[in-house]
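Trainee: structure-v8.pdb is the file, holding PDB, C-alpha atoms:
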```pdb
ATOM      1  CA  MET A   1      13.533  70.040   5.079  1.00  0.00           C
ATOM      2  CA  GLN A   2      14.978  66.810   6.498  1.00  0.00           C
ATOM      3  CA  PRO A   3      16.544  66.986   9.947  1.00  0.00           C
ATOM      4  CA  THR A   4      20.250  66.251   9.995  1.00  0.00           C
ATOM      5  CA  ALA A   5      21.822  63.787  12.331  1.00  0.00           C
ATOM      6  CA  SER A   6      23.644  65.167  15.310  1.00  0.00           C
ATOM      7  CA  ALA A   7      24.815  63.876  18.634  1.00  0.00           C
ATOM      8  CA  ALA A   8      21.350  64.677  20.004  1.00  0.00           C
ATOM      9  CA  THR A   9      19.386  63.115  17.141  1.00  0.00           C
ATOM     10  CA  PRO A  10      21.021  59.970  15.706  1.00  0.00           C
ATOM     11  CA  ALA A  11      20.489  59.072  12.060  1.00  0.00           C
ATOM     12  CA  ARG A  12      17.952  56.350  11.255  1.00  0.00           C
ATOM     13  CA  PRO A  13      19.577  53.031  10.445  1.00  0.00           C
ATOM     14  CA  ALA A  14      19.377  52.031   6.819  1.00  0.00           C
ATOM     15  CA  GLU A  15      16.953  49.241   5.987  1.00  0.00           C
ATOM     16  CA  VAL A  16      18.883  46.005   5.784  1.00  0.00           C
ATOM     17  CA  PRO A  17      17.269  43.488   3.484  1.00  0.00           C
ATOM     18  CA  ALA A  18      16.537  40.127   5.016  1.00  0.00           C
ATOM     19  CA  PRO A  19      18.901  37.446   3.770  1.00  0.00           C
ATOM     20  CA  ALA A  20      17.455  35.240   1.069  1.00  0.00           C
ATOM     21  CA  ALA A  21      16.199  31.913   2.344  1.00  0.00           C
ATOM     22  CA  THR A  22      18.479  29.014   1.494  1.00  0.00           C
ATOM     23  CA  LEU A  23      17.221  25.697   0.163  1.00  0.00           C
ATOM     24  CA  PRO A  24      17.764  23.978   3.537  1.00  0.00           C
ATOM     25  CA  ASP A  25      15.828  26.791   5.255  1.00  0.00           C
ATOM     26  CA  ILE A  26      12.927  26.427   2.827  1.00  0.00           C
ATOM     27  CA  LEU A  27      12.883  22.636   3.141  1.00  0.00           C
ATOM     28  CA  LYS A  28      13.066  22.818   6.939  1.00  0.00           C
ATOM     29  CA  GLU A  29      10.150  25.253   7.084  1.00  0.00           C
ATOM     30  CA  ARG A  30       7.989  23.286   4.648  1.00  0.00           C
ATOM     31  CA  THR A  31       8.580  19.929   6.323  1.00  0.00           C
ATOM     32  CA  MET A  32       8.408  21.014   9.981  1.00  0.00           C
ATOM     33  CA  ASP A  33       4.801  19.863  10.489  1.00  0.00           C
ATOM     34  CA  LEU A  34       5.547  16.465   8.969  1.00  0.00           C
ATOM     35  CA  HIS A  35       8.702  16.156  11.056  1.00  0.00           C
ATOM     36  CA  MET A  36       6.810  16.903  14.267  1.00  0.00           C
ATOM     37  CA  SER A  37       4.043  14.506  13.270  1.00  0.00           C
ATOM     38  CA  ALA A  38       6.569  11.717  12.694  1.00  0.00           C
ATOM     39  CA  GLU A  39       8.248  12.342  16.047  1.00  0.00           C
ATOM     40  CA  ARG A  40       4.897  12.194  17.820  1.00  0.00           C
ATOM     41  CA  HIS A  41       3.566   9.171  15.934  1.00  0.00           C
ATOM     42  CA  ALA A  42       2.318   6.475  18.307  1.00  0.00           C
ATOM     43  CA  PHE A  43       4.419   3.748  16.638  1.00  0.00           C
ATOM     44  CA  HIS A  44       7.636   5.748  16.977  1.00  0.00           C
ATOM     45  CA  ARG A  45       6.941   6.564  20.616  1.00  0.00           C
ATOM     46  CA  ALA A  46       6.210   2.888  21.318  1.00  0.00           C
ATOM     47  CA  MET A  47       9.353   1.843  19.488  1.00  0.00           C
ATOM     48  CA  PHE A  48      11.573   4.206  21.486  1.00  0.00           C
ATOM     49  CA  LYS A  49      10.133   2.777  24.705  1.00  0.00           C
ATOM     50  CA  GLY A  50      10.606  -0.814  23.534  1.00  0.00           C
ATOM     51  CA  GLU A  51       6.834  -1.326  23.510  1.00  0.00           C
ATOM     52  CA  ALA A  52       6.708  -2.133  19.793  1.00  0.00           C
ATOM     53  CA  SER A  53       8.250  -5.454  18.844  1.00  0.00           C
ATOM     54  CA  TRP A  54      11.720  -5.760  17.361  1.00  0.00           C
ATOM     55  CA  GLN A  55      10.012  -7.407  14.379  1.00  0.00           C
ATOM     56  CA  ALA A  56       7.898  -4.257  13.903  1.00  0.00           C
ATOM     57  CA  TYR A  57      11.082  -2.153  13.872  1.00  0.00           C
ATOM     58  CA  LEU A  58      12.584  -4.460  11.231  1.00  0.00           C
ATOM     59  CA  GLU A  59       9.412  -4.262   9.133  1.00  0.00           C
ATOM     60  CA  GLN A  60       9.533  -0.469   9.251  1.00  0.00           C
ATOM     61  CA  THR A  61      13.220  -0.583   8.319  1.00  0.00           C
ATOM     62  CA  ALA A  62      12.343  -2.834   5.372  1.00  0.00           C
ATOM     63  CA  GLN A  63       9.827  -0.251   4.121  1.00  0.00           C
ATOM     64  CA  THR A  64      12.486   2.440   4.557  1.00  0.00           C
ATOM     65  CA  LEU A  65      14.798   0.375   2.354  1.00  0.00           C
ATOM     66  CA  LEU A  66      12.251   0.392  -0.463  1.00  0.00           C
ATOM     67  CA  VAL A  67      11.954   4.187  -0.275  1.00  0.00           C
ATOM     68  CA  GLN A  68      15.698   4.796   0.094  1.00  0.00           C
ATOM     69  CA  ASP A  69      16.486   2.440  -2.786  1.00  0.00           C
ATOM     70  CA  ALA A  70      13.958   4.098  -5.119  1.00  0.00           C
ATOM     71  CA  LEU A  71      15.156   7.560  -4.146  1.00  0.00           C
ATOM     72  CA  GLU A  72      18.782   6.653  -4.760  1.00  0.00           C
ATOM     73  CA  ARG A  73      18.014   5.261  -8.224  1.00  0.00           C
ATOM     74  CA  ALA A  74      16.018   8.397  -9.057  1.00  0.00           C
ATOM     75  CA  LEU A  75      18.747  10.725  -7.747  1.00  0.00           C
ATOM     76  CA  ARG A  76      21.450   8.947  -9.739  1.00  0.00           C
ATOM     77  CA  ALA A  77      19.329   9.103 -12.898  1.00  0.00           C
ATOM     78  CA  GLY A  78      18.482  12.760 -12.255  1.00  0.00           C
ATOM     79  CA  LEU A  79      22.076  13.900 -11.818  1.00  0.00           C
ATOM     80  CA  GLY A  80      22.436  14.224 -15.581  1.00  0.00           C
ATOM     81  CA  ARG A  81      19.317  16.401 -15.817  1.00  0.00           C
ATOM     82  CA  SER A  82      19.454  18.667 -12.793  1.00  0.00           C
ATOM     83  CA  ALA A  83      22.099  21.169 -11.740  1.00  0.00           C
ATOM     84  CA  ALA A  84      20.410  21.344  -8.314  1.00  0.00           C
ATOM     85  CA  LEU A  85      21.043  17.631  -7.770  1.00  0.00           C
ATOM     86  CA  VAL A  86      24.649  17.957  -8.939  1.00  0.00           C
ATOM     87  CA  ALA A  87      25.152  20.791  -6.438  1.00  0.00           C
ATOM     88  CA  VAL A  88      23.745  18.873  -3.469  1.00  0.00           C
ATOM     89  CA  VAL A  89      23.861  15.085  -3.892  1.00  0.00           C
ATOM     90  CA  ARG A  90      26.957  13.293  -2.642  1.00  0.00           C
ATOM     91  CA  GLU A  91      27.866   9.630  -2.362  1.00  0.00           C
ATOM     92  CA  HIS A  92      27.406   9.667   1.432  1.00  0.00           C
ATOM     93  CA  HIS A  93      23.674  10.299   0.884  1.00  0.00           C
ATOM     94  CA  PHE A  94      23.295   6.765  -0.445  1.00  0.00           C
ATOM     95  CA  ARG A  95      22.668   4.250   2.330  1.00  0.00           C
ATOM     96  CA  ALA A  96      20.329   1.621   0.898  1.00  0.00           C
ATOM     97  CA  GLY A  97      23.260  -0.798   0.995  1.00  0.00           C
ATOM     98  CA  MET A  98      23.656  -0.232   4.747  1.00  0.00           C
ATOM     99  CA  ILE A  99      19.952  -0.845   5.351  1.00  0.00           C
ATOM    100  CA  ARG A 100      20.078  -3.985   3.198  1.00  0.00           C
ATOM    101  CA  GLU A 101      23.040  -5.307   5.218  1.00  0.00           C
ATOM    102  CA  ASP A 102      21.269  -4.573   8.532  1.00  0.00           C
ATOM    103  CA  LEU A 103      18.203  -6.481   7.398  1.00  0.00           C
ATOM    104  CA  LYS A 104      20.304  -9.434   6.211  1.00  0.00           C
ATOM    105  CA  ALA A 105      22.157  -9.470   9.552  1.00  0.00           C
ATOM    106  CA  CYS A 106      18.757  -9.837  11.244  1.00  0.00           C
ATOM    107  CA  GLY A 107      17.748 -12.736   9.017  1.00  0.00           C
ATOM    108  CA  LEU A 108      15.486 -10.841   6.601  1.00  0.00           C
ATOM    109  CA  ASP A 109      15.687 -11.215   2.832  1.00  0.00           C
ATOM    110  CA  PRO A 110      15.616  -7.677   1.400  1.00  0.00           C
ATOM    111  CA  THR A 111      14.417  -9.004  -1.964  1.00  0.00           C
ATOM    112  CA  SER A 112      11.218 -10.348  -0.397  1.00  0.00           C
ATOM    113  CA  ILE A 113       9.882  -7.015   0.889  1.00  0.00           C
ATOM    114  CA  ALA A 114       6.430  -6.038  -0.365  1.00  0.00           C
ATOM    115  CA  PRO A 115       5.577  -2.341  -0.125  1.00  0.00           C
ATOM    116  CA  LEU A 116       2.754  -1.303   2.167  1.00  0.00           C
ATOM    117  CA  HIS A 117       0.144   1.202   0.963  1.00  0.00           C
ATOM    118  CA  ALA A 118       1.974   4.236   2.397  1.00  0.00           C
ATOM    119  CA  THR A 119       5.251   3.033   0.907  1.00  0.00           C
ATOM    120  CA  ARG A 120       3.635   2.567  -2.510  1.00  0.00           C
ATOM    121  CA  ALA A 121       2.375   6.157  -2.299  1.00  0.00           C
ATOM    122  CA  MET A 122       5.872   7.428  -1.529  1.00  0.00           C
ATOM    123  CA  LEU A 123       7.374   5.335  -4.321  1.00  0.00           C
ATOM    124  CA  SER A 124       4.814   6.838  -6.686  1.00  0.00           C
ATOM    125  CA  THR A 125       5.779  10.357  -5.578  1.00  0.00           C
ATOM    126  CA  ILE A 126       9.463   9.612  -6.154  1.00  0.00           C
ATOM    127  CA  GLU A 127       8.704   8.206  -9.608  1.00  0.00           C
ATOM    128  CA  ARG A 128       6.578  11.258 -10.484  1.00  0.00           C
ATOM    129  CA  ASP A 129       9.260  13.699  -9.341  1.00  0.00           C
ATOM    130  CA  ALA A 130      12.016  11.786 -11.108  1.00  0.00           C
ATOM    131  CA  GLY A 131      10.076  11.883 -14.367  1.00  0.00           C
ATOM    132  CA  GLY A 132       9.222  15.563 -14.083  1.00  0.00           C
ATOM    133  CA  ASP A 133      11.592  17.845 -12.208  1.00  0.00           C
ATOM    134  CA  PRO A 134      14.326  15.744 -10.592  1.00  0.00           C
ATOM    135  CA  ALA A 135      15.208  18.684  -8.308  1.00  0.00           C
ATOM    136  CA  ALA A 136      11.917  17.946  -6.530  1.00  0.00           C
ATOM    137  CA  LEU A 137      13.605  14.787  -5.225  1.00  0.00           C
ATOM    138  CA  LEU A 138      15.609  17.030  -2.902  1.00  0.00           C
ATOM    139  CA  GLY A 139      12.583  17.241  -0.598  1.00  0.00           C
ATOM    140  CA  ALA A 140      12.571  13.498   0.050  1.00  0.00           C
ATOM    141  CA  MET A 141      16.350  13.445   0.246  1.00  0.00           C
ATOM    142  CA  TYR A 142      16.280  16.306   2.772  1.00  0.00           C
ATOM    143  CA  VAL A 143      13.872  14.452   5.034  1.00  0.00           C
ATOM    144  CA  LEU A 144      15.791  11.160   4.871  1.00  0.00           C
ATOM    145  CA  GLU A 145      19.182  12.812   5.250  1.00  0.00           C
ATOM    146  CA  GLY A 146      17.913  15.133   7.969  1.00  0.00           C
ATOM    147  CA  SER A 147      16.650  12.163   9.902  1.00  0.00           C
ATOM    148  CA  THR A 148      20.233  10.957  10.272  1.00  0.00           C
ATOM    149  CA  ASN A 149      20.873  13.898  12.609  1.00  0.00           C
ATOM    150  CA  GLY A 150      18.475  12.415  15.148  1.00  0.00           C
ATOM    151  CA  ALA A 151      19.044   8.800  14.148  1.00  0.00           C
ATOM    152  CA  LYS A 152      22.302   8.611  16.091  1.00  0.00           C
ATOM    153  CA  PHE A 153      20.247   9.252  19.238  1.00  0.00           C
ATOM    154  CA  ILE A 154      17.442   6.997  18.031  1.00  0.00           C
ATOM    155  CA  LYS A 155      19.978   4.184  17.624  1.00  0.00           C
ATOM    156  CA  THR A 156      21.054   4.597  21.269  1.00  0.00           C
ATOM    157  CA  ALA A 157      17.420   4.752  22.427  1.00  0.00           C
ATOM    158  CA  LEU A 158      16.595   1.572  20.496  1.00  0.00           C
ATOM    159  CA  GLN A 159      19.631  -0.264  21.848  1.00  0.00           C
ATOM    160  CA  ARG A 160      18.418   0.597  25.343  1.00  0.00           C
ATOM    161  CA  ALA A 161      14.740  -0.141  24.627  1.00  0.00           C
ATOM    162  CA  TYR A 162      15.473  -3.531  23.060  1.00  0.00           C
ATOM    163  CA  ALA A 163      18.360  -4.397  25.414  1.00  0.00           C
ATOM    164  CA  LYS A 164      20.756  -4.786  22.467  1.00  0.00           C
ATOM    165  CA  SER A 165      24.416  -4.986  23.398  1.00  0.00           C
ATOM    166  CA  ASP A 166      25.540  -4.435  19.795  1.00  0.00           C
ATOM    167  CA  ASP A 167      24.288  -2.511  16.772  1.00  0.00           C
ATOM    168  CA  THR A 168      23.065  -5.419  14.638  1.00  0.00           C
ATOM    169  CA  GLY A 169      20.107  -4.111  12.639  1.00  0.00           C
ATOM    170  CA  LEU A 170      20.855  -0.526  13.698  1.00  0.00           C
ATOM    171  CA  LYS A 171      24.050   0.405  11.827  1.00  0.00           C
ATOM    172  CA  TRP A 172      22.171   2.265   9.100  1.00  0.00           C
ATOM    173  CA  LEU A 173      20.877   4.708  11.717  1.00  0.00           C
ATOM    174  CA  ASP A 174      24.379   6.148  12.156  1.00  0.00           C
ATOM    175  CA  PRO A 175      25.719   6.192   8.591  1.00  0.00           C
ATOM    176  CA  HIS A 176      28.112   9.097   9.084  1.00  0.00           C
ATOM    177  CA  GLY A 177      29.626   8.135  12.430  1.00  0.00           C
ATOM    178  CA  GLU A 178      31.916  10.883  13.703  1.00  0.00           C
ATOM    179  CA  GLN A 179      31.549  12.798  10.401  1.00  0.00           C
ATOM    180  CA  LEU A 180      27.857  13.518  11.040  1.00  0.00           C
ATOM    181  CA  ARG A 181      28.298  17.298  11.151  1.00  0.00           C
ATOM    182  CA  GLU A 182      30.271  17.381   7.919  1.00  0.00           C
TER     183      GLU A 182
END
```
What does this structure look like when you write it as structure tokens?
Mentor:
Amino acid sequence: MQPTASAATPARPAEVPAPAATLPDILKERTMDLHMSAERHAFHRAMFKGEASWQAYLEQTAQTLLVQDALERALRAGLGRSAALVAVVREHHFRAGMIREDLKACGLDPTSIAPLHATRAMLSTIERDAGGDPAALLGAMYVLEGSTNGAKFIKTALQRAYAKSDDTGLKWLDPHGEQLRE
């Protein structure tokens, strides 16, 4: 016979199922190690301290343009094939144009950028995902879009590190301005 609840013996609480993990939760969990690795990378630490050259920053930005551009093309092409992309991708996720303008403002020709080995590997991954399951592109988009949350602070750190009084070459790091949260 089961005991009944009384003032002296409270009833056991019902088991409450854990909420289902959302896509952002899953992506955050699965990319955490890579995120931490990127933050701790020697080049990034040197850049934030102004110990890496401004030219090195621009070269890294140029490689980012190649990745962002390829991802944007793949996302646009995948919108017609993936409900997941339709549900998530918005025009404000596209910032290759901003990166291109920053590079031009610093005297670099965005059409002359040659991909480095690591960039070629990422471009290959984007191409593979685009040709298979375009929803897989959300992982790369999550990382690039998520980086904008910290990029506003990175922009300030770089302005300080490189003694820049304006944001020439850095505008792409704060693509959402005051609408960052939204």
Trainee: So the first atom is CA of Asp102 in chain A and the second is CA of Leu170 in chain A; what is the distance between them in Å, to one decimal place?
Mentor: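 If I compute the distance from CA of Asp102 in chain A to CA of Leu170 in chain A, I get 6.6 Å.
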Trainee: Kindly list the centre and edge lengths in Å, rounded to one decimal, for the axis-aligned box that covers all listed atoms of range 56-65 of chain A plus 3 Å on each of its six sides, as JSON.
Mentor:
```
{"center_x": 11.3, "center_y": -1.0, "center_z": 8.1, "size_x": 12.9, "size_y": 12.9, "size_z": 17.5}
```
Trainee: So which residues get picked by the PyMOL selection byres ((chain A and resi 137) around 10) here, written as a ChimeraX atom specification?
Mentor: /A:71-72,74-75,78,84-85,125-130,132-136,138-142
Trainee: Compare A:Ala38, A:Ala161, A:Leu144, A:Leu173 by their minimum atom-to-atom distance to His93 in chain A, counting only C-alpha atoms, and give me the closest one.
Mentor: A:Leu144
Trainee: Would you list the contacts of Pro110 in chain A as a list in words, taking every protein, DNA or RNA residue within 12 Å and counting all atoms listed in the file, but skipping same-chain residues closer than 4 positions in sequence?
Mentor: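 Close residues of Pro110 in chain A: Leu58, Glu59, Thr61, Ala62, Gln63, Thr64, Leu65, Leu66, Asp69, Ala96, Gly97, Met98, Ile99, Arg100, Glu101, Asp102, Leu103, Lys104, Ala105, Cys106, Ala114 and Pro115 of chain A.
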Trainee: Considering all atoms listed in the file, can you say which of A:Ala118, A:Thr22, A:Arg95, A:Leu158 comes closest to Glu51 in chain A?
Mentor: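 Going through A:Ala118, A:Thr22, A:Arg95, A:Leu158 one by one, the smallest distance to Glu51 in chain A is for A:Leu158.
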Trainee: Show me, as number ranges by chain, the residues that have an atom within 9 Å of Met47 in chain A when counting only C-alpha atoms, minus same-chain residues fewer than 5 positions from it.
Mentor: A: 42, 52-54, 56-57, 158, 161-162
Trainee: Could you tell me how far CA of Ala157 in chain A sits from CA of Gly107 in chain A, in Å to one decimal place?
Mentor: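 CA of Ala157 in chain A lies at a distance of 22.0 Å from CA of Gly107 in chain A.
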Trainee: Which value, in Å to one decimal, gives the distance between CA of Ser124 in chain A and CA of Arg73 in chain A?
Mentor: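 CA of Arg73 in chain A lies at a distance of 13.4 Å from CA of Ser124 in chain A.
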Trainee: Pick out the closest residue to Thr156 in chain A from this set: A:Lys171, A:Phe94, A:Pro24, A:Ser112. Count all atoms listed in the file.
Mentor: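 Checking each candidate against Thr156 in chain A, we get A:Lys171 as the closest.
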Trainee: Got a sec to write range 22-145 of chain A of the block to a file, C-alpha atoms, as a PDB file, in the first residue's frame?
Mentor:
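File decode_25.pdb, as written:
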```
ATOM      1  CA  THR A  22      17.462  23.975 -28.996  1.00  0.00           C
ATOM      2  CA  LEU A  23      19.609  24.268 -32.103  1.00  0.00           C
ATOM      3  CA  PRO A  24      21.622  27.157 -30.610  1.00  0.00           C
ATOM      4  CA  ASP A  25      22.203  25.087 -27.449  1.00  0.00           C
ATOM      5  CA  ILE A  26      23.429  22.121 -29.484  1.00  0.00           C
ATOM      6  CA  LEU A  27      25.680  24.289 -31.654  1.00  0.00           C
ATOM      7  CA  LYS A  28      27.089  26.096 -28.615  1.00  0.00           C
ATOM      8  CA  GLU A  29      27.899  22.809 -26.885  1.00  0.00           C
ATOM      9  CA  ARG A  30      29.474  21.223 -29.963  1.00  0.00           C
ATOM     10  CA  THR A  31      31.619  24.237 -30.823  1.00  0.00           C
ATOM     11  CA  MET A  32      32.726  25.243 -27.308  1.00  0.00           C
ATOM     12  CA  ASP A  33      36.157  23.583 -27.564  1.00  0.00           C
ATOM     13  CA  LEU A  34      36.835  25.231 -30.917  1.00  0.00           C
ATOM     14  CA  HIS A  35      35.649  28.580 -29.578  1.00  0.00           C
ATOM     15  CA  MET A  36      37.979  28.357 -26.583  1.00  0.00           C
ATOM     16  CA  SER A  37      40.845  27.254 -28.813  1.00  0.00           C
ATOM     17  CA  ALA A  38      40.322  30.258 -31.092  1.00  0.00           C
ATOM     18  CA  GLU A  39      40.226  32.663 -28.148  1.00  0.00           C
ATOM     19  CA  ARG A  40      43.470  31.232 -26.796  1.00  0.00           C
ATOM     20  CA  HIS A  41      45.268  31.055 -30.143  1.00  0.00           C
ATOM     21  CA  ALA A  42      48.667  32.754 -30.001  1.00  0.00           C
ATOM     22  CA  PHE A  43      47.942  34.915 -33.074  1.00  0.00           C
ATOM     23  CA  HIS A  44      44.689  36.239 -31.614  1.00  0.00           C
ATOM     24  CA  ARG A  45      46.310  37.016 -28.273  1.00  0.00           C
ATOM     25  CA  ALA A  46      49.156  38.822 -30.055  1.00  0.00           C
ATOM     26  CA  MET A  47      46.691  40.727 -32.205  1.00  0.00           C
ATOM     27  CA  PHE A  48      44.668  41.935 -29.213  1.00  0.00           C
ATOM     28  CA  LYS A  49      47.873  43.209 -27.608  1.00  0.00           C
ATOM     29  CA  GLY A  50      49.003  44.934 -30.807  1.00  0.00           C
ATOM     30  CA  GLU A  51      51.972  42.565 -31.063  1.00  0.00           C
ATOM     31  CA  ALA A  52      50.900  41.174 -34.438  1.00  0.00           C
ATOM     32  CA  SER A  53      51.213  43.603 -37.321  1.00  0.00           C
ATOM     33  CA  TRP A  54      48.258  45.499 -38.741  1.00  0.00           C
ATOM     34  CA  GLN A  55      49.098  43.800 -42.047  1.00  0.00           C
ATOM     35  CA  ALA A  56      48.673  40.396 -40.359  1.00  0.00           C
ATOM     36  CA  TYR A  57      45.225  41.468 -39.119  1.00  0.00           C
ATOM     37  CA  LEU A  58      44.279  42.529 -42.658  1.00  0.00           C
ATOM     38  CA  GLU A  59      45.532  39.223 -44.075  1.00  0.00           C
ATOM     39  CA  GLN A  60      43.412  37.311 -41.572  1.00  0.00           C
ATOM     40  CA  THR A  61      40.436  39.511 -42.451  1.00  0.00           C
ATOM     41  CA  ALA A  62      41.027  38.738 -46.134  1.00  0.00           C
ATOM     42  CA  GLN A  63      40.867  34.997 -45.395  1.00  0.00           C
ATOM     43  CA  THR A  64      37.675  35.602 -43.409  1.00  0.00           C
ATOM     44  CA  LEU A  65      36.204  37.303 -46.476  1.00  0.00           C
ATOM     45  CA  LEU A  66      36.800  34.196 -48.577  1.00  0.00           C
ATOM     46  CA  VAL A  67      35.008  32.023 -46.010  1.00  0.00           C
ATOM     47  CA  GLN A  68      32.155  34.482 -45.425  1.00  0.00           C
ATOM     48  CA  ASP A  69      31.642  34.958 -49.164  1.00  0.00           C
ATOM     49  CA  ALA A  70      31.531  31.203 -49.847  1.00  0.00           C
ATOM     50  CA  LEU A  71      29.192  30.622 -46.922  1.00  0.00           C
ATOM     51  CA  GLU A  72      26.833  33.358 -48.059  1.00  0.00           C
ATOM     52  CA  ARG A  73      26.651  31.953 -51.596  1.00  0.00           C
ATOM     53  CA  ALA A  74      25.995  28.472 -50.196  1.00  0.00           C
ATOM     54  CA  LEU A  75      23.330  29.732 -47.767  1.00  0.00           C
ATOM     55  CA  ARG A  76      21.513  31.650 -50.499  1.00  0.00           C
ATOM     56  CA  ALA A  77      21.580  28.604 -52.785  1.00  0.00           C
ATOM     57  CA  GLY A  78      20.454  26.335 -49.941  1.00  0.00           C
ATOM     58  CA  LEU A  79      17.446  28.433 -48.964  1.00  0.00           C
ATOM     59  CA  GLY A  80      15.385  26.748 -51.667  1.00  0.00           C
ATOM     60  CA  ARG A  81      16.317  23.280 -50.389  1.00  0.00           C
ATOM     61  CA  SER A  82      16.280  23.566 -46.619  1.00  0.00           C
ATOM     62  CA  ALA A  83      13.468  24.553 -44.277  1.00  0.00           C
ATOM     63  CA  ALA A  84      16.060  24.883 -41.485  1.00  0.00           C
ATOM     64  CA  LEU A  85      17.882  27.588 -43.444  1.00  0.00           C
ATOM     65  CA  VAL A  86      14.620  29.383 -44.223  1.00  0.00           C
ATOM     66  CA  ALA A  87      13.782  29.372 -40.503  1.00  0.00           C
ATOM     67  CA  VAL A  88      17.125  30.818 -39.401  1.00  0.00           C
ATOM     68  CA  VAL A  89      18.941  32.750 -42.141  1.00  0.00           C
ATOM     69  CA  ARG A  90      18.252  36.468 -42.392  1.00  0.00           C
ATOM     70  CA  GLU A  91      19.736  39.215 -44.529  1.00  0.00           C
ATOM     71  CA  HIS A  92      21.683  40.651 -41.570  1.00  0.00           C
ATOM     72  CA  HIS A  93      23.768  37.445 -41.502  1.00  0.00           C
ATOM     73  CA  PHE A  94      25.407  38.471 -44.767  1.00  0.00           C
ATOM     74  CA  ARG A  95      28.436  40.692 -44.214  1.00  0.00           C
ATOM     75  CA  ALA A  96      30.935  39.810 -46.937  1.00  0.00           C
ATOM     76  CA  GLY A  97      30.210  43.213 -48.470  1.00  0.00           C
ATOM     77  CA  MET A  98      31.237  44.939 -45.227  1.00  0.00           C
ATOM     78  CA  ILE A  99      34.483  42.966 -45.064  1.00  0.00           C
ATOM     79  CA  ARG A 100      35.189  43.746 -48.726  1.00  0.00           C
ATOM     80  CA  GLU A 101      34.670  47.476 -48.080  1.00  0.00           C
ATOM     81  CA  ASP A 102      36.964  47.393 -45.017  1.00  0.00           C
ATOM     82  CA  LEU A 103      39.716  45.753 -47.033  1.00  0.00           C
ATOM     83  CA  LYS A 104      39.324  48.263 -49.877  1.00  0.00           C
ATOM     84  CA  ALA A 105      39.461  51.141 -47.368  1.00  0.00           C
ATOM     85  CA  CYS A 106      42.824  49.756 -46.217  1.00  0.00           C
ATOM     86  CA  GLY A 107      44.178  49.577 -49.755  1.00  0.00           C
ATOM     87  CA  LEU A 108      43.710  45.841 -50.359  1.00  0.00           C
ATOM     88  CA  ASP A 109      42.144  44.419 -53.506  1.00  0.00           C
ATOM     89  CA  PRO A 110      39.632  41.784 -52.357  1.00  0.00           C
ATOM     90  CA  THR A 111      39.767  40.090 -55.766  1.00  0.00           C
ATOM     91  CA  SER A 112      43.469  39.316 -55.338  1.00  0.00           C
ATOM     92  CA  ILE A 113      43.148  37.182 -52.194  1.00  0.00           C
ATOM     93  CA  ALA A 114      44.539  33.654 -52.457  1.00  0.00           C
ATOM     94  CA  PRO A 115      43.221  31.170 -49.899  1.00  0.00           C
ATOM     95  CA  LEU A 116      45.659  29.709 -47.405  1.00  0.00           C
ATOM     96  CA  HIS A 117      45.629  25.967 -46.676  1.00  0.00           C
ATOM     97  CA  ALA A 118      43.272  26.275 -43.682  1.00  0.00           C
ATOM     98  CA  THR A 119      40.946  28.518 -45.675  1.00  0.00           C
ATOM     99  CA  ARG A 120      40.882  26.041 -48.567  1.00  0.00           C
ATOM    100  CA  ALA A 121      39.901  23.318 -46.089  1.00  0.00           C
ATOM    101  CA  MET A 122      37.035  25.434 -44.769  1.00  0.00           C
ATOM    102  CA  LEU A 123      35.904  26.308 -48.289  1.00  0.00           C
ATOM    103  CA  SER A 124      35.888  22.599 -49.095  1.00  0.00           C
ATOM    104  CA  THR A 125      33.743  21.888 -46.024  1.00  0.00           C
ATOM    105  CA  ILE A 126      31.268  24.595 -47.030  1.00  0.00           C
ATOM    106  CA  GLU A 127      31.092  23.208 -50.569  1.00  0.00           C
ATOM    107  CA  ARG A 128      30.557  19.661 -49.251  1.00  0.00           C
ATOM    108  CA  ASP A 129      27.791  20.749 -46.879  1.00  0.00           C
ATOM    109  CA  ALA A 130      26.109  22.882 -49.525  1.00  0.00           C
ATOM    110  CA  GLY A 131      26.035  19.948 -51.929  1.00  0.00           C
ATOM    111  CA  GLY A 132      24.746  17.493 -49.348  1.00  0.00           C
ATOM    112  CA  ASP A 133      22.607  18.793 -46.506  1.00  0.00           C
ATOM    113  CA  PRO A 134      22.504  22.595 -46.662  1.00  0.00           C
ATOM    114  CA  ALA A 135      21.244  22.691 -43.050  1.00  0.00           C
ATOM    115  CA  ALA A 136      24.772  21.623 -42.072  1.00  0.00           C
ATOM    116  CA  LEU A 137      25.864  25.123 -43.117  1.00  0.00           C
ATOM    117  CA  LEU A 138      24.201  26.397 -39.945  1.00  0.00           C
ATOM    118  CA  GLY A 139      27.245  25.247 -37.964  1.00  0.00           C
ATOM    119  CA  ALA A 140      29.590  27.568 -39.846  1.00  0.00           C
ATOM    120  CA  MET A 141      27.001  30.328 -39.819  1.00  0.00           C
ATOM    121  CA  TYR A 142      26.570  29.914 -36.048  1.00  0.00           C
ATOM    122  CA  VAL A 143      30.288  30.294 -35.428  1.00  0.00           C
ATOM    123  CA  LEU A 144      30.654  33.340 -37.695  1.00  0.00           C
ATOM    124  CA  GLU A 145      27.485  34.992 -36.431  1.00  0.00           C
TER     125      GLU A 145
END
```
